[in-house]
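Colleague: After the structure tokens below, expect a handful of questions from me.
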Amino acid sequence: MNDIKSQVRKYILDNFLMGGDPDKVTDSVSFIEKGIIDSTGVLELVSFIQETYKIRVEDAEMIPENLDSLDKIEKYVRVKLA
Amino acid sequence: MATTKLTSGVLDIDAPAVTDRICRRLAEIVVKDQRRRGVVVALSGGIDSSVCAALSVRAFGPGRVFGLLLPEKDSSSASEDQGRLVAEHLKIEHLKQDIAPTLEAIGCYRWRDEAISAVFPDYRKDWKSKIVIAGGVDGRFNYFRLVVQAPDGTRHEQRLEHKQYLQIVAATNFKQRIRKTIEYFHADRLHYAVVGTPNRLEYDQGFFVKNGDGSADVKPIAHLYKTQVYVLARYLGLPEAICTSKPTTDTYSLPQGQDEFYFALPYHKMDVALWAHNHGISAAELAGTLGVSVEQAGYIYQDIEKKRSTTRYLHSKAVLVDKVGEISPFA
């Protein structure tokens, strides 16, 4: 299941930081608080998660508790895939 | 620390004094600094451009204000009528140019419809559409829903994926950018400056198109809350239809309020929330005033900050790698 974190981390590094410091994206860091992702970035991230894991992120699930760190995304995706 | 109380009068203004100051500054900025002979104002028929035109007439006289009516396929005929009403009321020279053929030629409608069709394959050219914002005021991330309406009135709605969202917005941004191109043509022709018409809510929250309606030489009411702009409209004696007009985007073919598209709340509440946030008022006090929960008031503050952060780029001029010290903008 570490795959989820590493896949999402790679996506964030490639698309939002574009070669920036990989140490910035720790498992628990808040993407929003650290300015890694903005509102448009959240929409991009949701598209990536939906396409990669073949899940539908419902409107009510578009909350920081599900999407604002690698830890949270992994937990959310695992629940959705269960 | 809050040192100010959120009372019902916080947005009250001394309309004559505010008008005098704006007119004095307009003359200084346009004539003295920018060395232009007058101003061009695009008249949308809404409150902001109408007030800007009226202020310009006070500052320069009607003979030095040129009005433009720039309708297209999706703008309402009522907007054009109201724009003309203001131009005639102010006795300014004005011109109508339908920008639909330009937008057609540049691909505005085609790019937009392609993105809409990717979401709703049954969508046809005679359907109407709009985008509505959701999420932020409920503590979720902001996202956008696409609403389409078939000729028989049947409506469909779906959340937009980022690719389609960006393409629809990029395509519709042609409208503001083509309008601005025409405004600058007339400004160059007449040696006038271009007036930008955002109010404080729009300016602060980034509700404008970069190099579109965000582009201008002077923005006379960008420091005024929308509520205060309505007060000025009355003071300036604008027609009743303008003083009571409801803010719309007039950009999408379905009727769309600004609060649907961008702001979390109707403007009069958004004004209060923005003022409260700017003056360090607690979420609890704002909640009491707006009649929402403390949690929701907190979300509104968060949403204000999120929009400021996301739209900072829109305010940014082209950034130089190194300073060119010999060149400085107007103070």
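In the structure tokens, chains take the letters A, B, ... in the order shown, each chain's residues start at 1, and ligands count up from 1 in the order shown.
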For a quick test of understanding: name the residues of chain B lying within 12 Å of chain A when counting only C-alpha atoms, and present them as an MDAnalysis selection string.
Modeller: chainID B and resid 133:145 158:166 299 302:303 305:313
Colleague: Using DSSP assignments from the backbone, pull out every residue in range 1-162 of chain B that falls under helix (DSSP H, G or I) and give it to me as a ChimeraX atom specification.
Modeller: /B:15-33,47-60,62-64,77-90,100-106,108-119,136-138,162
Colleague: Write the residues you've just listed into a file as a short mmCIF file (atom, residue, chain, number, x, y, z; two decimals), in the first residue's frame, and include C-alpha atoms for each of them.
Modeller:
```
data_model
loop_
_atom_site.label_atom_id
_atom_site.label_comp_id
_atom_site.auth_asym_id
_atom_site.auth_seq_id
_atom_site.Cartn_x
_atom_site.Cartn_y
_atom_site.Cartn_z
CA ALA B 15 -20.93 59.75 -0.58
CA PRO B 16 -20.17 63.40 -1.50
CA ALA B 17 -16.71 63.23 0.11
CA VAL B 18 -15.90 59.87 -1.49
CA THR B 19 -17.06 61.15 -4.88
CA ASP B 20 -14.96 64.31 -4.57
CA ARG B 21 -11.86 62.36 -3.67
CA ILE B 22 -12.27 59.86 -6.52
CA CYS B 23 -12.86 62.63 -9.06
CA ARG B 24 -9.85 64.59 -7.85
CA ARG B 25 -7.63 61.52 -8.02
CA LEU B 26 -9.01 60.52 -11.42
CA ALA B 27 -8.02 63.89 -12.83
CA GLU B 28 -4.56 63.69 -11.25
CA ILE B 29 -3.91 60.15 -12.43
CA VAL B 30 -5.27 60.42 -15.96
CA VAL B 31 -4.31 63.98 -16.87
CA LYS B 32 -1.19 64.69 -14.82
CA ASP B 33 0.45 61.26 -14.58
CA ILE B 47 -23.69 48.91 -11.23
CA ASP B 48 -19.87 49.08 -11.29
CA SER B 49 -19.30 50.29 -14.85
CA SER B 50 -22.26 52.67 -14.54
CA VAL B 51 -20.82 54.27 -11.40
CA CYS B 52 -17.36 54.47 -13.00
CA ALA B 53 -18.84 56.21 -16.03
CA ALA B 54 -20.76 58.66 -13.83
CA LEU B 55 -17.64 59.42 -11.78
CA SER B 56 -15.65 59.92 -14.99
CA VAL B 57 -18.22 62.39 -16.27
CA ARG B 58 -17.92 64.32 -12.99
CA ALA B 59 -14.13 64.27 -13.24
CA PHE B 60 -13.70 65.12 -16.93
CA PRO B 62 -19.28 64.26 -20.68
CA GLY B 63 -17.27 65.34 -23.70
CA ARG B 64 -14.22 63.45 -22.48
CA SER B 77 -30.20 42.15 -24.24
CA ALA B 78 -31.20 43.79 -20.95
CA SER B 79 -27.50 44.46 -20.25
CA GLU B 80 -27.11 46.27 -23.54
CA ASP B 81 -30.29 48.25 -22.92
CA GLN B 82 -29.07 49.29 -19.49
CA GLY B 83 -25.65 50.23 -20.81
CA ARG B 84 -27.28 52.43 -23.43
CA LEU B 85 -29.59 53.91 -20.80
CA VAL B 86 -26.54 54.98 -18.75
CA ALA B 87 -24.73 56.41 -21.78
CA GLU B 88 -27.79 58.43 -22.76
CA HIS B 89 -28.42 59.50 -19.16
CA LEU B 90 -24.83 60.74 -18.85
CA ALA B 100 -19.81 37.73 -31.39
CA PRO B 101 -18.26 37.52 -34.91
CA THR B 102 -14.80 38.15 -33.43
CA LEU B 103 -15.36 35.53 -30.75
CA GLU B 104 -16.62 33.09 -33.36
CA ALA B 105 -13.57 33.67 -35.53
CA ILE B 106 -11.11 33.31 -32.68
CA CYS B 108 -14.24 31.11 -28.21
CA TYR B 109 -17.51 29.24 -28.68
CA ARG B 110 -15.89 26.26 -30.41
CA TRP B 111 -13.35 25.63 -27.64
CA ARG B 112 -15.99 26.10 -24.97
CA ASP B 113 -18.47 23.75 -26.66
CA GLU B 114 -15.81 21.10 -27.18
CA ALA B 115 -15.13 21.02 -23.42
CA ILE B 116 -18.84 20.98 -22.58
CA SER B 117 -19.42 18.12 -25.04
CA ALA B 118 -16.73 16.10 -23.29
CA VAL B 119 -18.87 16.26 -20.14
CA GLY B 136 -15.70 26.32 -0.22
CA VAL B 137 -18.43 27.73 1.96
CA ASP B 138 -19.09 24.26 3.40
CA HIS B 162 -10.03 20.19 -14.11
#
```
Colleague: What does the distance between CA of Cys243 in chain B and CA of Gly46 in chain B come to in Å, to one decimal place?
Modeller: 8.9 Å
Colleague: Rounded to one decimal place, report the CA of Val29 in chain A-CA of Asp71 in chain A distance in Å.
Modeller: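 So the answer is 8.6 Å.
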Colleague: For CA of Thr197 in chain B and CA of Val218 in chain B, determine how far apart the two atoms are, in Å to one decimal place.
Modeller: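 Distance between the two atoms: 8.6 Å.
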Colleague: Write out as number ranges by chain each polymer residue whose atoms come within 10 Å of Ala297 in chain B, counting only C-alpha atoms; drop sequence neighbours fewer than 3 positions from it.
Modeller: B: 137-139, 273, 282-294, 300-303
Colleague: Could those selected residues go to a file with N, CA and C atoms, as a PDB file, in the first residue's frame?
Modeller:
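This went into result.pdb:
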```pdb
ATOM      1  N   VAL B 137     -17.679  27.177   0.832  1.00  0.00           N
ATOM      2  CA  VAL B 137     -18.427  27.731   1.964  1.00  0.00           C
ATOM      3  C   VAL B 137     -18.852  26.638   2.943  1.00  0.00           C
ATOM      4  N   ASP B 138     -18.753  25.378   2.515  1.00  0.00           N
ATOM      5  CA  ASP B 138     -19.087  24.258   3.400  1.00  0.00           C
ATOM      6  C   ASP B 138     -17.844  23.603   3.985  1.00  0.00           C
ATOM      7  N   GLY B 139     -16.690  24.245   3.796  1.00  0.00           N
ATOM      8  CA  GLY B 139     -15.457  23.695   4.349  1.00  0.00           C
ATOM      9  C   GLY B 139     -14.792  22.674   3.454  1.00  0.00           C
ATOM     10  N   ALA B 273     -18.511  40.138   5.334  1.00  0.00           N
ATOM     11  CA  ALA B 273     -17.505  39.127   5.697  1.00  0.00           C
ATOM     12  C   ALA B 273     -16.096  39.636   5.378  1.00  0.00           C
ATOM     13  N   SER B 282     -13.812  38.358  14.932  1.00  0.00           N
ATOM     14  CA  SER B 282     -13.791  36.907  15.121  1.00  0.00           C
ATOM     15  C   SER B 282     -14.881  36.232  14.284  1.00  0.00           C
ATOM     16  N   ALA B 283     -14.655  34.948  14.009  1.00  0.00           N
ATOM     17  CA  ALA B 283     -15.657  34.177  13.263  1.00  0.00           C
ATOM     18  C   ALA B 283     -16.970  34.135  14.041  1.00  0.00           C
ATOM     19  N   ALA B 284     -16.879  34.109  15.380  1.00  0.00           N
ATOM     20  CA  ALA B 284     -18.098  34.047  16.199  1.00  0.00           C
ATOM     21  C   ALA B 284     -18.940  35.306  16.011  1.00  0.00           C
ATOM     22  N   GLU B 285     -18.267  36.466  15.969  1.00  0.00           N
ATOM     23  CA  GLU B 285     -19.013  37.718  15.795  1.00  0.00           C
ATOM     24  C   GLU B 285     -19.604  37.806  14.385  1.00  0.00           C
ATOM     25  N   LEU B 286     -18.836  37.377  13.396  1.00  0.00           N
ATOM     26  CA  LEU B 286     -19.353  37.380  12.027  1.00  0.00           C
ATOM     27  C   LEU B 286     -20.559  36.445  11.918  1.00  0.00           C
ATOM     28  N   ALA B 287     -20.459  35.289  12.568  1.00  0.00           N
ATOM     29  CA  ALA B 287     -21.539  34.306  12.514  1.00  0.00           C
ATOM     30  C   ALA B 287     -22.843  34.927  13.011  1.00  0.00           C
ATOM     31  N   GLY B 288     -22.762  35.670  14.111  1.00  0.00           N
ATOM     32  CA  GLY B 288     -23.951  36.303  14.676  1.00  0.00           C
ATOM     33  C   GLY B 288     -24.557  37.309  13.711  1.00  0.00           C
ATOM     34  N   THR B 289     -23.720  38.050  13.035  1.00  0.00           N
ATOM     35  CA  THR B 289     -24.200  39.080  12.108  1.00  0.00           C
ATOM     36  C   THR B 289     -24.824  38.469  10.853  1.00  0.00           C
ATOM     37  N   LEU B 290     -24.187  37.431  10.324  1.00  0.00           N
ATOM     38  CA  LEU B 290     -24.680  36.830   9.071  1.00  0.00           C
ATOM     39  C   LEU B 290     -25.763  35.778   9.298  1.00  0.00           C
ATOM     40  N   GLY B 291     -25.924  35.346  10.558  1.00  0.00           N
ATOM     41  CA  GLY B 291     -26.907  34.306  10.829  1.00  0.00           C
ATOM     42  C   GLY B 291     -26.450  32.944  10.358  1.00  0.00           C
ATOM     43  N   VAL B 292     -25.141  32.691  10.455  1.00  0.00           N
ATOM     44  CA  VAL B 292     -24.607  31.373  10.096  1.00  0.00           C
ATOM     45  C   VAL B 292     -23.908  30.788  11.321  1.00  0.00           C
ATOM     46  N   SER B 293     -23.503  29.530  11.247  1.00  0.00           N
ATOM     47  CA  SER B 293     -22.810  28.925  12.386  1.00  0.00           C
ATOM     48  C   SER B 293     -21.381  29.477  12.452  1.00  0.00           C
ATOM     49  N   VAL B 294     -20.776  29.359  13.625  1.00  0.00           N
ATOM     50  CA  VAL B 294     -19.392  29.813  13.792  1.00  0.00           C
ATOM     51  C   VAL B 294     -18.481  29.038  12.844  1.00  0.00           C
ATOM     52  N   ILE B 300     -15.911  30.712   5.687  1.00  0.00           N
ATOM     53  CA  ILE B 300     -15.964  31.904   4.816  1.00  0.00           C
ATOM     54  C   ILE B 300     -14.624  32.644   4.877  1.00  0.00           C
ATOM     55  N   TYR B 301     -14.078  32.804   6.083  1.00  0.00           N
ATOM     56  CA  TYR B 301     -12.757  33.442   6.212  1.00  0.00           C
ATOM     57  C   TYR B 301     -11.689  32.645   5.466  1.00  0.00           C
ATOM     58  N   GLN B 302     -11.749  31.322   5.628  1.00  0.00           N
ATOM     59  CA  GLN B 302     -10.771  30.462   4.922  1.00  0.00           C
ATOM     60  C   GLN B 302     -10.892  30.631   3.418  1.00  0.00           C
ATOM     61  N   ASP B 303     -12.133  30.718   2.958  1.00  0.00           N
ATOM     62  CA  ASP B 303     -12.378  30.844   1.518  1.00  0.00           C
ATOM     63  C   ASP B 303     -11.826  32.172   0.987  1.00  0.00           C
TER      64      ASP B 303
END
```
Colleague: Please provide as a ChimeraX atom specification all residues within 8 Å of Leu274 in chain B, with the sequence filter that same-chain residues fewer than 3 positions apart are discarded (counting only C-alpha atoms).
Modeller: /B:201,270-271,277-278,301,304
Colleague: Would you save the residues from that selection as an mmCIF file, in the first residue's frame, using C-alpha atoms?
Modeller:
```cif
data_model
loop_
_atom_site.group_PDB
_atom_site.id
_atom_site.type_symbol
_atom_site.label_atom_id
_atom_site.label_comp_id
_atom_site.auth_asym_id
_atom_site.auth_seq_id
_atom_site.Cartn_x
_atom_site.Cartn_y
_atom_site.Cartn_z
ATOM 1 C CA LEU B 201 -14.783 42.358 -3.636
ATOM 2 C CA MET B 270 -19.721 38.965 1.229
ATOM 3 C CA ASP B 271 -19.012 42.663 1.808
ATOM 4 C CA HIS B 277 -11.958 39.679 7.999
ATOM 5 C CA ASN B 278 -9.975 42.815 7.145
ATOM 6 C CA TYR B 301 -12.757 33.442 6.212
ATOM 7 C CA ILE B 304 -11.413 34.536 1.371
#
```
Colleague: Need to verify the contact set: Gln258 in chain B, 9 Å, only C-alpha atoms, exclusion of same-chain residues closer than 3 positions in sequence. Can you return it as a PyMOL selection string?
Modeller: chain B and resi 247-249+261-263+266-267
Colleague: Name the residues in contact with range 14-27 of chain A at a cut-off of 9 Å, using only C-alpha atoms, excluding same-chain residues fewer than 5 positions from it; report them as a PyMOL selection string.
Modeller: chain A and resi 5+9+34+36-37+41+69-72
Colleague: Next, write the just-selected residues to a file, as a PDB file, in the first residue's frame, keeping N, CA and C atoms as the atom set.
Modeller:
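Output (part_36.pdb):
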```
ATOM      1  N   LYS A   5       1.114   6.045  -1.701  1.00  0.00           N
ATOM      2  CA  LYS A   5       1.877   7.249  -1.319  1.00  0.00           C
ATOM      3  C   LYS A   5       2.966   7.563  -2.336  1.00  0.00           C
ATOM      4  N   ARG A   9       3.036  10.851  -4.467  1.00  0.00           N
ATOM      5  CA  ARG A   9       4.195  11.732  -4.247  1.00  0.00           C
ATOM      6  C   ARG A   9       4.880  12.044  -5.586  1.00  0.00           C
ATOM      7  N   LYS A  34       1.364  24.330   3.129  1.00  0.00           N
ATOM      8  CA  LYS A  34       2.726  24.543   2.625  1.00  0.00           C
ATOM      9  C   LYS A  34       2.747  25.159   1.218  1.00  0.00           C
ATOM     10  N   ILE A  36       1.874  23.834  -1.529  1.00  0.00           N
ATOM     11  CA  ILE A  36       2.291  22.890  -2.575  1.00  0.00           C
ATOM     12  C   ILE A  36       1.202  22.797  -3.655  1.00  0.00           C
ATOM     13  N   ILE A  37      -0.050  22.874  -3.213  1.00  0.00           N
ATOM     14  CA  ILE A  37      -1.177  22.750  -4.139  1.00  0.00           C
ATOM     15  C   ILE A  37      -2.172  23.872  -3.859  1.00  0.00           C
ATOM     16  N   GLY A  41      -5.017  23.053  -8.303  1.00  0.00           N
ATOM     17  CA  GLY A  41      -4.218  21.854  -8.096  1.00  0.00           C
ATOM     18  C   GLY A  41      -5.023  20.738  -7.453  1.00  0.00           C
ATOM     19  N   SER A  69      -2.916  15.529   2.445  1.00  0.00           N
ATOM     20  CA  SER A  69      -1.557  15.026   2.702  1.00  0.00           C
ATOM     21  C   SER A  69      -1.466  13.617   2.122  1.00  0.00           C
ATOM     22  N   LEU A  70      -0.262  13.106   2.011  1.00  0.00           N
ATOM     23  CA  LEU A  70      -0.099  11.738   1.489  1.00  0.00           C
ATOM     24  C   LEU A  70      -0.755  10.731   2.421  1.00  0.00           C
ATOM     25  N   ASP A  71      -0.583  10.926   3.734  1.00  0.00           N
ATOM     26  CA  ASP A  71      -1.213  10.021   4.702  1.00  0.00           C
ATOM     27  C   ASP A  71      -2.725   9.975   4.502  1.00  0.00           C
ATOM     28  N   LYS A  72      -3.310  11.160   4.360  1.00  0.00           N
ATOM     29  CA  LYS A  72      -4.775  11.244   4.244  1.00  0.00           C
ATOM     30  C   LYS A  72      -5.252  10.634   2.931  1.00  0.00           C
TER      31      LYS A  72
END
```
Colleague: Compile the contact shell of His191 in chain B as a ChimeraX atom specification: residues with an atom at most 10 Å away, counting only C-alpha atoms, same-chain residues fewer than 3 positions apart removed.
Modeller: /B:35-40,184-188,194
Colleague: Taking into account only C-alpha atoms, which residue in the set A:Ile12, A:Ile55, A:Phe31, A:Phe48 is nearest to Leu81 in chain A?
Modeller: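 Between A:Ile12, A:Ile55, A:Phe31, A:Phe48, the residue approaching Leu81 in chain A most closely is A:Ile55.
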